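Visitor: Here it is: the structure, laid out below.
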Amino acid sequence: MGSYLIIMILLLHATIDAHTDPPLWSQPEQVHLSYGDSPDEMTVTWVTQSEVHGSAVEFGHGKLTELSTPARTWEFINQEAKRDNRSMWIHSATMGKLQPATTYMYHVGSAIGWSDVFIFRSQRVDAEWSPVLAVYGDFGNANAQSIAYLQKAAQMSEIDAVLHIGDFAYDLDTDVGLIGDAFMKQIEPIAAYIPYMTLPGNHEKKFNFSQYRNRFQMPGEFDSMMYSMKLGPARIIMFNSEVFYKNEYPDNYKAMYEQYHWLEAQLQNANLASERAVRPWVMALAHRPMYCSTMDGYYGHCNNPNNPVRVGLNNVTREYSLEDLFYKYGVDLQFYGHEHSYERLWPLYHDTVCNGTVNNPYTNPTAPVHIITGSAGNREGQTGFDKKPWSYSAFRSDDYGYTLMKIVNHTHISIDQISTDKGGAVLDSMILVKEKHGMGTFTCHKNSKN
Ligand SMILES: [Fe+2]
C-alpha cells in the first residue's frame, strides 16, 4: 500500500509538472520596417515572447536567402503597477547596401522559427521621386477606423511610408503590454511592407517612454525621440513635443534645450544652398499642435496663449519658441496630431493669417502651413470643435481618417484628407505651391494684414 501511494504521488507530480511548463513562444511576430540612417538601409524589428538567440533577417531581390544580417536582441520588460512584469524579446536588424528602388523579399527569425515572407521596395534616391506618405496620429487598437484602408494602401504600393505622429495603441503599455502587442500585430500588414516612421506622444509617457523607445527603432542617435529624414525633394524633421511638459517628461528642460539646439542645427544644415537646391521642402512634425480650434479644455493647446510648443518658455520673451525658430528657418509645412480631428489652417504666424493671396492662399504663403491630423481612430473617439472656428482655421472635420501627402516636385505638394466615414472619399484637398524656399522668404510679421 505504501509503495502504491508513492507511485501515485510521483505520477501526480509528473502530471502537474507537464501542465505547468509555460508555452514556448519563439515564433517571430509584430514585424515592422523603418528607414535606416542612410538611403541604402532598411531596419526590421520584431518580437518573440520567449527568449531566442541567433536571430537574423534573410533577404534578397533574386533569392530569399541571398543576404543575411544578424539581429541585435534584448529583453524588454513590460511593466504595470500592481501587476507582475512580463518579459518579451525584441530583435532588430538593419539591411544594408540595398540597391535603390528595388523590390526585396525577406523573412526574420532563427534556427527555431521563421516569419512569413514579406516584400519591400528600397528607397529611391533620384531627384524625380515624388514620395506619397500617409500622415496621422492618435491611432489605437480598438476603434482603429483607418486600419483596413492603410493596410490595403500599403500592400497596393499606393503609399511609400507612414508617418505616425504620436499616441499609439491606447496604450502600448496597457494590460502589461498586451494591448501594445495587439496593436503591433494589427499594423504588421502595413509596416512589414513599408517603413512605419514614428514619433512619441503623451500616451507613450509611462515608464519614461520605454514601450515606445523599445518597440520602435527609428534612425539617428536619440532613441527614436527625434530624427530627420531626406525623402525625395524634402527634409522631414520628426521631433518630440512632450519635452515641453514637465508632468510628462522626466528632466524636461534639459531635454527641451537639447532638442531645440538639435533642431536649429538640423535647420541650419537644411538651409545650406547645396541642400535646399536638392531638397527645397523642409517640414517638421510632432504630436501636440501649436494652433487648433478643438475643444480640448482649459489646459489644452488651442485656447492656451502660453501653448509651450508655440511660445517656448513664455509668451513674452518667447525663448525656445519653435514657432519663431521654424519661421526664421523657413519651415514650409508642419503636421501635428493629439486633437482627434482633421484641421487645415491658413498659413499663419503669431496668430496672424499670412495667405499668399486672397484667391490663392497656399501659393507662396508668407508663413508656415499647419495641418492637424489626429483622426485615424482610437477608443477615445473624436474630440469635437469650438463652436466658432478660429480665424486661422480654413477647414475642419471630425470624420475619421488620415492624410495623404504627395511631395510632387520642388514647387508643389498635394495634401488630401481621406474620410473613412465616407468610405475612403477625399474629404479635403489642398496644393501648397512655393516657388522660393528658404530663410528670408517668410515676410508675415506680427500683426501684419494680408
Ligand atoms: Fe495625445
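Following the order of the C-alpha cells, first chain is A, next is B, and so on, with residues numbered from 1 inside each chain and ligands from 1 in the order they appear.
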Counting only C-alpha atoms and all ligand atoms, what residues are within 6 Å of ligand 1, given as a PyMOL selection string?
Guide: chain A and resi 167+201-202+338
Visitor: Store the residues picked out above, limited to C-alpha atoms, as a CSV table (one decimal), in the first residue's frame.
Guide:
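New file again.csv:
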chain,number,residue,atom,x,y,z
A,167,ASP,CA,-0.3,58.2,-29.5
A,201,GLY,CA,3.0,61.4,-28.0
A,202,ASN,CA,1.6,61.8,-24.4
A,338,HIS,CA,-3.2,65.0,-30.4
Visitor: Could you tell me, as JSON, numbers by chain, which residues of range 353-436 of chain A DSSP assigns to strand (DSSP E or B) when given the backbone?
Guide: {"A": [353, 363, 369, 370, 371, 372, 373, 377, 385, 393, 394, 395, 396, 397, 401, 402, 403, 404, 405, 406, 407, 412, 413, 414, 415, 416, 417, 418, 419, 425, 426, 427, 428, 429, 430, 431, 432, 433]}
Visitor: Give me a file of those residues, with C-alpha atoms, as a JSON list (two decimals), in the first residue's frame.
Guide:
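Now in out_25.json:
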[["chain", "number", "residue", "atom", "x", "y", "z"],
["A", 353, "VAL", "CA", -3.19, 84.73, -41.14],
["A", 363, "THR", "CA", 0.59, 79.83, -53.32],
["A", 369, "VAL", "CA", 1.27, 75.96, -43.05],
["A", 370, "HIS", "CA", -0.02, 73.76, -40.19],
["A", 371, "ILE", "CA", -2.16, 70.62, -40.58],
["A", 372, "ILE", "CA", -3.74, 68.77, -37.63],
["A", 373, "THR", "CA", -4.34, 65.09, -38.36],
["A", 377, "GLY", "CA", -9.29, 56.23, -34.80],
["A", 385, "PHE", "CA", -14.59, 71.57, -32.06],
["A", 393, "SER", "CA", -8.99, 77.67, -39.36],
["A", 394, "ALA", "CA", -9.52, 77.02, -43.08],
["A", 395, "PHE", "CA", -11.28, 73.63, -42.94],
["A", 396, "ARG", "CA", -12.08, 71.20, -40.17],
["A", 397, "SER", "CA", -13.85, 67.87, -39.81],
["A", 401, "GLY", "CA", -9.46, 59.20, -41.49],
["A", 402, "TYR", "CA", -5.90, 60.06, -42.37],
["A", 403, "THR", "CA", -3.86, 62.42, -44.51],
["A", 404, "LEU", "CA", -2.13, 61.59, -47.78],
["A", 405, "MET", "CA", 0.74, 63.86, -48.71],
["A", 406, "LYS", "CA", 2.43, 63.71, -52.10],
["A", 407, "ILE", "CA", 5.68, 65.65, -52.38],
["A", 412, "HIS", "CA", 4.27, 71.51, -55.37],
["A", 413, "ILE", "CA", 2.95, 69.38, -52.51],
["A", 414, "SER", "CA", -0.57, 67.96, -52.56],
["A", 415, "ILE", "CA", -2.44, 67.09, -49.39],
["A", 416, "ASP", "CA", -5.65, 65.04, -49.35],
["A", 417, "GLN", "CA", -7.65, 64.12, -46.27],
["A", 418, "ILE", "CA", -9.24, 60.68, -46.61],
["A", 419, "SER", "CA", -12.52, 60.13, -44.76],
["A", 425, "ALA", "CA", -13.51, 59.52, -50.22],
["A", 426, "VAL", "CA", -11.34, 62.62, -50.31],
["A", 427, "LEU", "CA", -12.76, 64.99, -47.70],
["A", 428, "ASP", "CA", -10.43, 67.92, -48.25],
["A", 429, "SER", "CA", -7.69, 68.80, -50.72],
["A", 430, "MET", "CA", -5.08, 71.48, -50.99],
["A", 431, "ILE", "CA", -1.98, 72.14, -53.04],
["A", 432, "LEU", "CA", 0.86, 74.05, -51.48],
["A", 433, "VAL", "CA", 2.89, 75.91, -54.09]]
Visitor: I want to know what sits within 7 Å of Ser130 in chain A, based on only C-alpha atoms, with residues of the same chain fewer than 2 positions away left out; could you give that as a ChimeraX atom specification?
Guide: /A:128,132,232,406-409
Visitor: Would you kindly return, as a PDB file with C-alpha atoms, in the first residue's frame, each protein, DNA or RNA residue with an atom no farther than 8 Å from any atom of Met218 in chain A, considering only C-alpha atoms and excluding same-chain residues fewer than 5 positions away?
Guide:
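Result written to around_18.pdb:
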ATOM      1  CA  SER A  34      11.740  51.651 -40.618  1.00  0.00           C
ATOM      2  CA  TYR A  35      14.140  53.721 -42.710  1.00  0.00           C
ATOM      3  CA  GLY A  36      17.776  53.417 -41.675  1.00  0.00           C
ATOM      4  CA  MET A 197       8.001  56.013 -39.077  1.00  0.00           C
ATOM      5  CA  THR A 198       7.016  57.293 -35.658  1.00  0.00           C
ATOM      6  CA  ASP A 223      16.269  56.605 -29.116  1.00  0.00           C
ATOM      7  CA  SER A 224      13.563  57.325 -31.725  1.00  0.00           C
ATOM      8  CA  TYR A 227      15.439  62.390 -36.045  1.00  0.00           C
TER       9      TYR A 227
END
Visitor: Leaving out Ser122 in chain A and any residue of its chain fewer than 4 positions from it, which residues lie within 10 Å of it when counting only C-alpha atoms, given as a ChimeraX atom specification?
Guide: /A:35,39-42,98-104,160,194-195
Visitor: Pick out the residues sitting within 10 Å of Gln211 in chain A, and hand them over as an MDAnalysis selection string; count only C-alpha atoms, and ignore anything fewer than 3 positions along from it in its own chain.
Guide: chainID A and resid 76:79 171:173 177 180 204:208 214:216
Visitor: May I ask which of the residues A:Asp138, A:His437, A:Met225, A:Met256 is the closest one to Met283 in chain A, counting only C-alpha atoms?
Guide: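 Among A:Asp138, A:His437, A:Met225, A:Met256, it is A:His437 that comes nearest to Met283 in chain A.
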Visitor: Residues of range 99-197 of chain A in alpha helix (DSSP H) according to DSSP, as a PyMOL selection string?
Guide: chain A and resi 147-155+178-191
Visitor: May I have the residues within 12 Å of Gly356 in chain A as JSON, numbers by chain, using only C-alpha atoms and disregarding those fewer than 2 positions away in the same chain?
Guide: {"A": [346, 347, 348, 353, 354, 358, 359, 360, 361, 362, 363, 364, 365, 366, 367, 368, 369, 432, 433, 434, 435, 441, 442, 443, 444, 449, 450]}
Visitor: Could you take the residues named above and write them with C-alpha atoms, as a short mmCIF file (atom, residue, chain, number, x, y, z; two decimals), in the first residue's frame?
Guide:
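Once everything was written out, this is result_0.cif:
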data_model
loop_
_atom_site.label_atom_id
_atom_site.label_comp_id
_atom_site.auth_asym_id
_atom_site.auth_seq_id
_atom_site.Cartn_x
_atom_site.Cartn_y
_atom_site.Cartn_z
CA TRP A 346 -4.33 79.08 -43.19
CA PRO A 347 -0.64 79.93 -43.35
CA LEU A 348 0.00 81.76 -40.08
CA VAL A 353 -3.19 84.73 -41.14
CA CYS A 354 -0.46 85.05 -43.77
CA VAL A 358 -6.87 86.10 -51.43
CA ASN A 359 -7.51 83.83 -54.41
CA ASN A 360 -4.51 81.54 -53.91
CA PRO A 361 -3.83 81.40 -50.18
CA TYR A 362 -1.44 78.44 -50.43
CA THR A 363 0.59 79.83 -53.32
CA ASN A 364 3.76 81.38 -51.97
CA PRO A 365 2.36 81.90 -48.45
CA THR A 366 4.32 84.25 -46.23
CA ALA A 367 4.38 81.90 -43.21
CA PRO A 368 4.35 78.14 -42.49
CA VAL A 369 1.27 75.96 -43.05
CA LEU A 432 0.86 74.05 -51.48
CA VAL A 433 2.89 75.91 -54.09
CA LYS A 434 6.21 77.52 -53.32
CA GLU A 435 8.43 78.96 -55.98
CA THR A 441 11.16 84.01 -47.78
CA PHE A 442 8.60 84.43 -44.97
CA THR A 443 7.52 88.03 -44.68
CA CYS A 444 4.45 87.86 -42.45
CA LYS A 449 -2.52 92.29 -42.62
CA ASN A 450 -2.84 90.08 -45.65
#
Visitor: For each of A:Val52, A:Val57, A:Leu133, A:Ala127, take the minimum atom-to-atom distance to Glu75 in chain A, counting only C-alpha atoms, then give the residue where this is smallest.
Guide: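 Nearest candidate to Glu75 in chain A out of A:Val52, A:Val57, A:Leu133, A:Ala127: A:Val52.
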Visitor: Using only C-alpha atoms, find the one residue out of A:His32, A:His340, A:Arg379, A:Lys328 that sits nearest to Lys185 in chain A.
Guide: A:His32
Visitor: Which distance in Å separates CA of Leu150 in chain A and CA of Gln186 in chain A, to one decimal?
Guide: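 Going from CA of Leu150 in chain A over to CA of Gln186 in chain A, I get 10.9 Å.
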